[in-house]
Number of protein chains: 2
Amino acid sequence: MSAPRTDVEEVARANTAFYEAMERGDFEELSTLWLAPMDIDGAEHTADPADPEDLEEGTDRGAEVSCVHPGWPVLTGRGEVLRSYALIMANTEYIQFFLTDVEVAVEGDTALVTCTENILSGGPAPADSDELGPLVGQLVVATNVFRRTPDGWKLWSHHASPVLAENEEDEEEDTPS
Amino acid sequence: MSAPRTDVEEVARANTAFYEAMERGDFEELSTLWLAPMDIDGAEHTADPADPEDLEEGTDRGAEVSCVHPGWPVLTGRGEVLRSYALIMANTEYIQFFLTDVEVAVEGDTALVTCTENILSGGPAPADSDELGPLVGQLVVATNVFRRTPDGWKLWSHHASPVLAENEEDEEEDTPS
């Protein structure tokens, strides 16, 4: 048996497992890493504050997950989120994540992870070719929110976005003009 | 006195207050809306799992906040985050956020908000002109994480990113090729 691990270590492992499942194209594993309504016991609610019915009736939409892929709009709920991964996996022949700047913060039953995803990926061969699509490098940053569950830390939210400027000190290019 | 509000309503108000402070260029107000180490009592820790010292010594970096502006790398800690807002405010003559698709989920002392920021902004007048810079429209999505504190819900993380495709159903353009 291994020694007991701290929350920070456990969250870091859950975060790594998420990216490794993507690299392997392991949809089943990926599905188990995302928070499911059964993981949470009752306290949660998700509501649209602009919808009076949600507030008056205290509609419980379950522990709804959310996901933003680079350049995408927000996807909400396990169905929409998992479908997006099935689609991405079907269109990705090869993908590797080199994670840097991994920072883990734990507050009670929630953990916040930020990291830089240095991505190398390639699509499937074009219809008229036997060769793989060209490899593409991408610089992406992610904020991943995890919840503690009896079955380990599970992803509640993943937000990834392209880095369009190399350096936060590069003021002229970064700020609205 | 107003009637007691639900968590979802309170979080939605904190989220709105954040964008209104940006619209007014109210740096003081914005500073109070971001989580500060004094807001949290002891349970938190932030650590780099790749740094053995962090794990062995249980380094407590405080309730470190993180922020990603559209196209930017990750900013970590109140100092870096608040400096970025001072910079953005100094370079923004006019900014307005039309929020749509606001979704609020509360789990214990953490709340997750996703929303679409329809932004209209303008920079200051160029040096050789009296007129304001041109107005620019931007479609941005955000994931905002709030923590419950004795002083209300405070921002723990803000991640905003440009939407590069109009529609998540637009599969051909959205997926890696």
# chains A, B, ... in the order shown; residues from 1 in each chain; ligands from 1
call {"tool": "residues_around", "arguments": {"residues": "Cys115 in chain B", "least_positions_apart": "5", "cutoff": "7 Å", "atoms": "only C-alpha atoms", "output": "mmCIF file with C-alpha atoms, in the first residue's frame"}}
result
data_model
loop_
_atom_site.group_PDB
_atom_site.id
_atom_site.type_symbol
_atom_site.label_atom_id
_atom_site.label_comp_id
_atom_site.auth_asym_id
_atom_site.auth_seq_id
_atom_site.Cartn_x
_atom_site.Cartn_y
_atom_site.Cartn_z
ATOM 1 C CA LEU B 99 -24.282 39.066 -20.235
ATOM 2 C CA THR B 100 -26.258 36.159 -21.664
ATOM 3 C CA ASP B 101 -26.530 32.429 -20.873
ATOM 4 C CA VAL B 102 -25.762 33.052 -17.184
ATOM 5 C CA GLU B 103 -25.739 29.713 -15.329
ATOM 6 C CA VAL B 141 -17.263 33.170 -22.694
ATOM 7 C CA ALA B 142 -16.321 33.090 -19.027
ATOM 8 C CA THR B 143 -16.142 30.604 -16.168
#
call {"tool": "select_by_dssp", "arguments": {"residues": "range 84-150 of chain B", "states": "strand (DSSP E or B)", "output": "MDAnalysis selection string"}}
result
chainID B and resid 94:107 110:122 135:149
call {"tool": "write_last_selection", "arguments": {"atoms": "C-alpha atoms", "output": "compact mmCIF listing (two decimals), in the first residue's frame"}}
result
# COMPACT_ATOMS: atom_id res chain seq x y z
CA TYR B 94 -15.38 52.57 -22.60
CA ILE B 95 -16.50 49.02 -21.94
CA GLN B 96 -19.92 47.45 -21.61
CA PHE B 97 -20.80 43.82 -20.93
CA PHE B 98 -24.11 42.36 -22.11
CA LEU B 99 -24.28 39.07 -20.24
CA THR B 100 -26.26 36.16 -21.66
CA ASP B 101 -26.53 32.43 -20.87
CA VAL B 102 -25.76 33.05 -17.18
CA GLU B 103 -25.74 29.71 -15.33
CA VAL B 104 -25.08 29.45 -11.59
CA ALA B 105 -24.26 26.23 -9.72
CA VAL B 106 -23.63 26.16 -5.98
CA GLU B 107 -21.91 23.29 -4.15
CA THR B 110 -18.16 27.17 -3.88
CA ALA B 111 -20.15 28.53 -6.79
CA LEU B 112 -19.49 28.10 -10.49
CA VAL B 113 -20.86 30.65 -12.94
CA THR B 114 -20.66 30.38 -16.71
CA CYS B 115 -21.80 33.19 -18.95
CA THR B 116 -21.37 34.74 -22.35
CA GLU B 117 -19.87 38.24 -22.28
CA ASN B 118 -21.04 40.23 -25.28
CA ILE B 119 -18.51 43.05 -24.99
CA LEU B 120 -18.57 46.49 -26.57
CA SER B 121 -15.41 48.43 -25.83
CA GLY B 122 -13.38 51.39 -27.00
CA LEU B 135 -15.78 50.70 -30.66
CA VAL B 136 -15.04 47.00 -30.92
CA GLY B 137 -17.46 44.12 -30.32
CA GLN B 138 -16.18 40.85 -28.86
CA LEU B 139 -17.84 37.52 -28.13
CA VAL B 140 -16.28 36.01 -25.03
CA VAL B 141 -17.26 33.17 -22.69
CA ALA B 142 -16.32 33.09 -19.03
CA THR B 143 -16.14 30.60 -16.17
CA ASN B 144 -16.17 32.40 -12.80
CA VAL B 145 -15.57 30.51 -9.55
CA PHE B 146 -16.74 32.14 -6.31
CA ARG B 147 -16.09 31.24 -2.64
CA ARG B 148 -18.52 31.97 0.18
CA THR B 149 -16.94 34.25 2.81
call {"tool": "closest_residue", "arguments": {"among": "A:Pro37, A:Gly77, A:Gly152, A:Pro162", "to": "chain B", "atoms": "only C-alpha atoms"}}
result
A:Pro162
call {"tool": "residues_around", "arguments": {"residues": "Gly71 in chain B", "least_positions_apart": "2", "cutoff": "9 Å", "atoms": "only C-alpha atoms", "output": "list in words"}}
result
Ser161, Pro162, Val163, Leu164, Ala165 and Asp174 of chain A; Val68, His69, Pro73, Ala160, Ser161 and Pro162 of chain B
call {"tool": "write_last_selection", "arguments": {"atoms": "all heavy atoms", "output": "mmCIF file, in the first residue's frame"}}
result
data_model
loop_
_atom_site.group_PDB
_atom_site.id
_atom_site.type_symbol
_atom_site.label_atom_id
_atom_site.label_comp_id
_atom_site.auth_asym_id
_atom_site.auth_seq_id
_atom_site.Cartn_x
_atom_site.Cartn_y
_atom_site.Cartn_z
ATOM 1 N N SER A 161 -8.294 27.806 -23.192
ATOM 2 C CA SER A 161 -8.318 28.880 -24.189
ATOM 3 C C SER A 161 -6.936 29.087 -24.789
ATOM 4 O O SER A 161 -5.915 28.852 -24.144
ATOM 5 C CB SER A 161 -8.828 30.179 -23.558
ATOM 6 O OG SER A 161 -7.990 30.602 -22.512
ATOM 7 N N PRO A 162 -6.919 29.525 -26.045
ATOM 8 C CA PRO A 162 -5.639 29.746 -26.724
ATOM 9 C C PRO A 162 -4.924 30.948 -26.139
ATOM 10 O O PRO A 162 -5.545 31.945 -25.774
ATOM 11 C CB PRO A 162 -6.065 30.035 -28.171
ATOM 12 C CG PRO A 162 -7.469 30.563 -28.067
ATOM 13 C CD PRO A 162 -8.071 29.880 -26.877
ATOM 14 N N VAL A 163 -3.600 30.859 -26.047
ATOM 15 C CA VAL A 163 -2.794 32.007 -25.646
ATOM 16 C C VAL A 163 -2.368 32.718 -26.923
ATOM 17 O O VAL A 163 -1.666 32.148 -27.759
ATOM 18 C CB VAL A 163 -1.561 31.574 -24.830
ATOM 19 C CG1 VAL A 163 -0.699 32.790 -24.472
ATOM 20 C CG2 VAL A 163 -1.994 30.849 -23.560
ATOM 21 N N LEU A 164 -2.827 33.958 -27.068
ATOM 22 C CA LEU A 164 -2.594 34.693 -28.309
ATOM 23 C C LEU A 164 -1.387 35.610 -28.208
ATOM 24 O O LEU A 164 -0.922 36.141 -29.188
ATOM 25 C CB LEU A 164 -3.835 35.503 -28.682
ATOM 26 C CG LEU A 164 -5.126 34.673 -28.771
ATOM 27 C CD1 LEU A 164 -6.326 35.555 -29.064
ATOM 28 C CD2 LEU A 164 -5.003 33.578 -29.832
ATOM 29 N N ALA A 165 -0.875 35.806 -26.999
ATOM 30 C CA ALA A 165 0.343 36.594 -26.809
ATOM 31 C C ALA A 165 1.262 35.785 -25.916
ATOM 32 O O ALA A 165 0.826 35.126 -24.990
ATOM 33 C CB ALA A 165 0.026 37.935 -26.175
ATOM 34 N N ASP A 174 -1.628 43.070 -25.650
ATOM 35 C CA ASP A 174 -2.584 42.362 -24.812
ATOM 36 C C ASP A 174 -3.842 43.147 -24.494
ATOM 37 O O ASP A 174 -4.900 42.572 -24.289
ATOM 38 C CB ASP A 174 -1.931 41.963 -23.490
ATOM 39 C CG ASP A 174 -0.978 40.803 -23.655
ATOM 40 O OD1 ASP A 174 -1.023 40.171 -24.723
ATOM 41 O OD2 ASP A 174 -0.243 40.553 -22.738
ATOM 42 N N VAL B 68 -7.632 34.511 -16.181
ATOM 43 C CA VAL B 68 -7.215 34.448 -17.580
ATOM 44 C C VAL B 68 -8.077 35.414 -18.378
ATOM 45 O O VAL B 68 -9.295 35.227 -18.481
ATOM 46 C CB VAL B 68 -7.355 33.024 -18.162
ATOM 47 C CG1 VAL B 68 -6.946 33.008 -19.636
ATOM 48 C CG2 VAL B 68 -6.524 32.018 -17.361
ATOM 49 N N HIS B 69 -7.470 36.470 -18.909
ATOM 50 C CA HIS B 69 -8.167 37.365 -19.829
ATOM 51 C C HIS B 69 -8.134 36.725 -21.226
ATOM 52 O O HIS B 69 -7.261 35.897 -21.504
ATOM 53 C CB HIS B 69 -7.476 38.730 -19.870
ATOM 54 C CG HIS B 69 -7.441 39.442 -18.541
ATOM 55 N ND1 HIS B 69 -8.581 39.839 -17.884
ATOM 56 C CD2 HIS B 69 -6.405 39.802 -17.736
ATOM 57 C CE1 HIS B 69 -8.244 40.423 -16.740
ATOM 58 N NE2 HIS B 69 -6.930 40.406 -16.621
ATOM 59 N N PRO B 73 -2.105 34.452 -20.994
ATOM 60 C CA PRO B 73 -1.697 33.323 -20.146
ATOM 61 C C PRO B 73 -2.377 33.453 -18.775
ATOM 62 O O PRO B 73 -3.126 34.401 -18.533
ATOM 63 C CB PRO B 73 -0.175 33.512 -20.021
ATOM 64 C CG PRO B 73 0.061 34.958 -20.271
ATOM 65 C CD PRO B 73 -1.030 35.431 -21.185
ATOM 66 N N ALA B 160 -11.687 33.842 -19.001
ATOM 67 C CA ALA B 160 -12.467 34.333 -20.141
ATOM 68 C C ALA B 160 -11.720 34.027 -21.427
ATOM 69 O O ALA B 160 -10.497 34.122 -21.471
ATOM 70 C CB ALA B 160 -12.705 35.837 -20.012
ATOM 71 N N SER B 161 -12.471 33.652 -22.469
ATOM 72 C CA SER B 161 -11.812 33.308 -23.729
ATOM 73 C C SER B 161 -12.683 33.684 -24.915
ATOM 74 O O SER B 161 -13.907 33.691 -24.831
ATOM 75 C CB SER B 161 -11.476 31.806 -23.763
ATOM 76 O OG SER B 161 -12.644 31.032 -23.680
ATOM 77 N N PRO B 162 -12.023 34.023 -26.032
ATOM 78 C CA PRO B 162 -12.768 34.416 -27.230
ATOM 79 C C PRO B 162 -13.488 33.220 -27.842
ATOM 80 O O PRO B 162 -12.964 32.110 -27.840
ATOM 81 C CB PRO B 162 -11.664 34.921 -28.175
ATOM 82 C CG PRO B 162 -10.420 34.208 -27.724
ATOM 83 C CD PRO B 162 -10.567 34.017 -26.248
#
call {"tool": "atom_distance", "arguments": {"atom1": "CA of Ala12 in chain A", "atom2": "CA of Leu35 in chain A"}}
result
16.2 Å
call {"tool": "residues_around", "arguments": {"residues": "range 83-86 of chain A", "least_positions_apart": "5", "cutoff": "9 Å", "atoms": "only C-alpha atoms", "output": "list in words"}}
result
Met22, Gly25, Phe27, Leu30, His69, Leu75, Arg78 and Asn91 of chain A; Glu168 of chain B
call {"tool": "write_last_selection", "arguments": {"atoms": "N, CA, C and O atoms", "output": "mmCIF file, in the first residue's frame"}}
result
data_model
loop_
_atom_site.group_PDB
_atom_site.id
_atom_site.type_symbol
_atom_site.label_atom_id
_atom_site.label_comp_id
_atom_site.auth_asym_id
_atom_site.auth_seq_id
_atom_site.Cartn_x
_atom_site.Cartn_y
_atom_site.Cartn_z
ATOM 1 N N MET A 22 -7.258 11.662 -22.406
ATOM 2 C CA MET A 22 -7.374 12.319 -23.717
ATOM 3 C C MET A 22 -6.306 11.791 -24.669
ATOM 4 O O MET A 22 -6.581 11.520 -25.844
ATOM 5 N N GLY A 25 -7.168 8.556 -25.962
ATOM 6 C CA GLY A 25 -8.477 8.492 -26.604
ATOM 7 C C GLY A 25 -9.413 7.567 -25.857
ATOM 8 O O GLY A 25 -10.266 6.906 -26.448
ATOM 9 N N PHE A 27 -12.356 7.148 -23.994
ATOM 10 C CA PHE A 27 -13.601 7.847 -23.699
ATOM 11 C C PHE A 27 -14.253 7.343 -22.412
ATOM 12 O O PHE A 27 -14.798 8.130 -21.630
ATOM 13 N N LEU A 30 -12.442 8.821 -19.492
ATOM 14 C CA LEU A 30 -12.740 10.249 -19.431
ATOM 15 C C LEU A 30 -14.122 10.477 -18.807
ATOM 16 O O LEU A 30 -14.307 11.384 -17.983
ATOM 17 N N HIS A 69 -13.883 24.309 -24.673
ATOM 18 C CA HIS A 69 -12.703 23.974 -25.463
ATOM 19 C C HIS A 69 -12.164 25.271 -26.078
ATOM 20 O O HIS A 69 -12.918 26.245 -26.226
ATOM 21 N N LEU A 75 -20.144 24.610 -23.067
ATOM 22 C CA LEU A 75 -20.970 23.403 -23.111
ATOM 23 C C LEU A 75 -21.409 23.094 -21.678
ATOM 24 O O LEU A 75 -20.603 23.169 -20.755
ATOM 25 N N ARG A 78 -23.432 16.866 -18.584
ATOM 26 C CA ARG A 78 -22.617 15.723 -19.011
ATOM 27 C C ARG A 78 -22.869 15.315 -20.462
ATOM 28 O O ARG A 78 -21.928 14.981 -21.193
ATOM 29 N N ASN A 91 -11.964 12.953 -34.348
ATOM 30 C CA ASN A 91 -11.260 13.776 -35.335
ATOM 31 C C ASN A 91 -9.787 13.983 -35.006
ATOM 32 O O ASN A 91 -9.140 14.817 -35.623
ATOM 33 N N GLU B 168 -21.697 25.696 -31.487
ATOM 34 C CA GLU B 168 -21.041 24.443 -31.116
ATOM 35 C C GLU B 168 -21.444 23.285 -32.030
ATOM 36 O O GLU B 168 -20.827 22.235 -32.018
#
call {"tool": "atom_distance", "arguments": {"atom1": "CA of Leu87 in chain A", "atom2": "CA of Trp34 in chain A"}}
result
16.5 Å
call {"tool": "closest_residue", "arguments": {"among": "B:Ile88, B:Leu132, B:Leu82, B:Ala36", "to": "chain A", "atoms": "only C-alpha atoms"}}
result
B:Ile88
